Amino acid sequence: MRRFGRGLVASLVAAALAAACAVAPVRAADMSVPPSYKPPPVALPPAMYDWTGFYFGGHVGAGLLLDSVNPVGTPATTLVNGVSIGPVGLIGGAQAGLNVEFSPVVIGGEVSWTSSAINGSANGTAGGAGVGSSERFISNPLWIAAATGRAGYAANDWLFYAKGGGAVMRVGYEEDLLTGGVAGPNQSIGANRKGFVVGAGIEYGMTENLSAKLEYDFFDFGSQTYNYNLTPVSITSRLSALTIGLNYRFNWANGRPTFCPTC
């Protein structure tokens with residue numbers, strides 16, 4: 001009886017082990033395979049607009065001339081009072097320059113040439129030339145050339161800048177005597193006025209190679225005496241200009257954006 005009991009227990013243990021071995025592969029097959037590990041994507045720093053490089057472009061806008069004409073010396077015909085000439089006219093031209101960015105500071109230089117359609121006149125009372133006589137003065141700036149330094153602050157694709165330097169204006173002046181509304185003796189003088197310019201502007205980088213700007217410039221050409229036959233005069237000349245423009249830029253990064261390591 002004991003032998004029979006021991007044999008029965010052994011048989012049961014063997015059957016249990018065989019059943020466990022048969023079920024184990026099924027359970028293993030039912031288990032899902034864990035997904036493979038994928039590292040998180042590396043976040044690149046944001047791209048920053050690169051202002052470094054040469055550029056050239058054009059501009060157009062309006063110019064306001066402020067000429068103050070005052071008599072000097074002892075002329076044959078005396079201008080009783082000084083006159084002011086303040087015409088507004090169309091201006092436009094071209095510019096070229098170089099920027100170097102030390103993020104966020106941008107420094108550079110620019111040369112520009114601007115053609116002018118400004119033309120204005122003013123009449124002043126003439127003494128010693130008969131009742132109702134007057135002297136007419138005409139100012140006609142032909143072009144303005146400037147060479148300036150620039151310094152600015154770059155806020156990515158926006159550039160806020162100031163500029164300053166030397167300027168030359170080619171201008172034509174005329175003086176004539178009006179009697180009863182009829183022009184009499186006339187004299188013309190052409191001159192190159194030298195002075196300085198200061199200005200400020202904002203520029204937006206539309207693409208890596210194309211930018212647009214809005215700029216204000218103030219020109220001061222000081223005072224200069226001109227020995228007209230009728231009345232020698234001193235002319236103090238200033239000019240304000242507001243322009244918009246486009247620049248094509250040769251980016252030293254070859255069109256590739258730089259990256260901001262601290263962003």
# chains A, B, ... in the order shown; residues from 1 in each chain; ligands from 1
>>> select_by_dssp(residues="region 26-254 of chain A", states="helix (DSSP H, G or I)", output="mmCIF file with N, CA and C atoms, in the first residue's frame")
data_model
loop_
_atom_site.group_PDB
_atom_site.id
_atom_site.type_symbol
_atom_site.label_atom_id
_atom_site.label_comp_id
_atom_site.auth_asym_id
_atom_site.auth_seq_id
_atom_site.Cartn_x
_atom_site.Cartn_y
_atom_site.Cartn_z
ATOM 1 N N VAL A 26 2.968 28.921 -24.241
ATOM 2 C CA VAL A 26 1.782 29.654 -24.682
ATOM 3 C C VAL A 26 1.735 31.017 -24.033
ATOM 4 N N ARG A 27 2.001 31.048 -22.705
ATOM 5 C CA ARG A 27 1.992 32.329 -22.011
ATOM 6 C C ARG A 27 3.088 33.255 -22.526
ATOM 7 N N ALA A 28 4.249 32.683 -22.820
ATOM 8 C CA ALA A 28 5.346 33.496 -23.345
ATOM 9 C C ALA A 28 4.982 34.078 -24.695
ATOM 10 N N ALA A 29 4.239 33.285 -25.508
ATOM 11 C CA ALA A 29 3.842 33.782 -26.819
ATOM 12 C C ALA A 29 2.835 34.902 -26.704
ATOM 13 N N ASP A 30 1.971 34.825 -25.628
ATOM 14 C CA ASP A 30 0.953 35.862 -25.450
ATOM 15 C C ASP A 30 1.513 37.172 -24.949
#
>>> residues_around(residues="Tyr228 (chain A)", least_positions_apart="5", cutoff="10 Å", atoms="only C-alpha atoms", output="list in words")
Pro75, Glu174, Glu175, Asp176, Asn186, Gln187, Ser188, Ile189 and Val233 of chain A
>>> write_last_selection(atoms="C-alpha atoms", output="compact mmCIF listing (two decimals), in the first residue's frame")
# COMPACT_ATOMS: atom_id res chain seq x y z
CA PRO A 75 25.51 145.97 -52.63
CA GLU A 174 19.73 132.13 -58.63
CA GLU A 175 19.14 135.76 -57.75
CA ASP A 176 17.13 138.20 -59.88
CA ASN A 186 19.55 137.52 -63.23
CA GLN A 187 22.63 135.73 -61.93
CA SER A 188 23.17 131.99 -61.34
CA ILE A 189 25.81 130.33 -59.18
CA VAL A 233 24.09 137.06 -49.51
>>> atom_distance(atom1="CA of Ser121 (chain A)", atom2="CA of Leu65 (chain A)")
10.9 Å
>>> closest_residue(among="A:Val69, A:Met48, A:Leu239, A:Val60", to="Asp157 (chain A)", atoms="only C-alpha atoms")
A:Met48
>>> residues_around(residues="Thr52 (chain A)", least_positions_apart="3", cutoff="9 Å", atoms="only C-alpha atoms", output="PyMOL selection string")
chain A and resi 98-102+106+249-253
>>> atom_distance(atom1="CA of Ile107 (chain A)", atom2="CA of Ala241 (chain A)")
22.3 Å
>>> residues_around(residues="region 153-155 of chain A", least_positions_apart="4", cutoff="8 Å", atoms="only C-alpha atoms", output="PyMOL selection string")
chain A and resi 103-106+159-161
>>> residues_around(residues="region 243-248 of chain A", least_positions_apart="4", cutoff="9 Å", atoms="only C-alpha atoms", output="ChimeraX atom specification")
/A:54-63,91-92,94-96,209-217
>>> closest_residue(among="A:Trp143, A:Tyr173, A:Tyr204, A:Tyr226", to="Asn156 (chain A)", atoms="only C-alpha atoms")
A:Tyr204
>>> atom_distance(atom1="CA of Thr231 (chain A)", atom2="CA of Gly73 (chain A)")
8.1 Å
>>> select_by_dssp(residues="region 27-263 of chain A", states="strand (DSSP E or B)", output="ChimeraX atom specification")
/A:47-48,53-71,78-79,83-85,88-102,105-116,120-127,133-155,158-179,182-205,210-226,233-251,258-259
>>> residues_around(residues="Val168 (chain A)", least_positions_apart="2", cutoff="6 Å", atoms="only C-alpha atoms", output="list in words")
Ile144, Ala145, Arg193 and Lys194 of chain A
>>> closest_residue(among="A:Met206, A:Ala162, A:Leu90, A:Leu230", to="Gly184 (chain A)", atoms="only C-alpha atoms")
A:Leu230
>>> closest_residue(among="A:Ser223, A:Thr207, A:Ser139, A:Ser234", to="Asp50 (chain A)", atoms="only C-alpha atoms")
A:Thr207
>>> closest_residue(among="A:Asn140, A:Thr114, A:Asn81, A:Asn229", to="Leu66 (chain A)", atoms="only C-alpha atoms")
A:Asn140
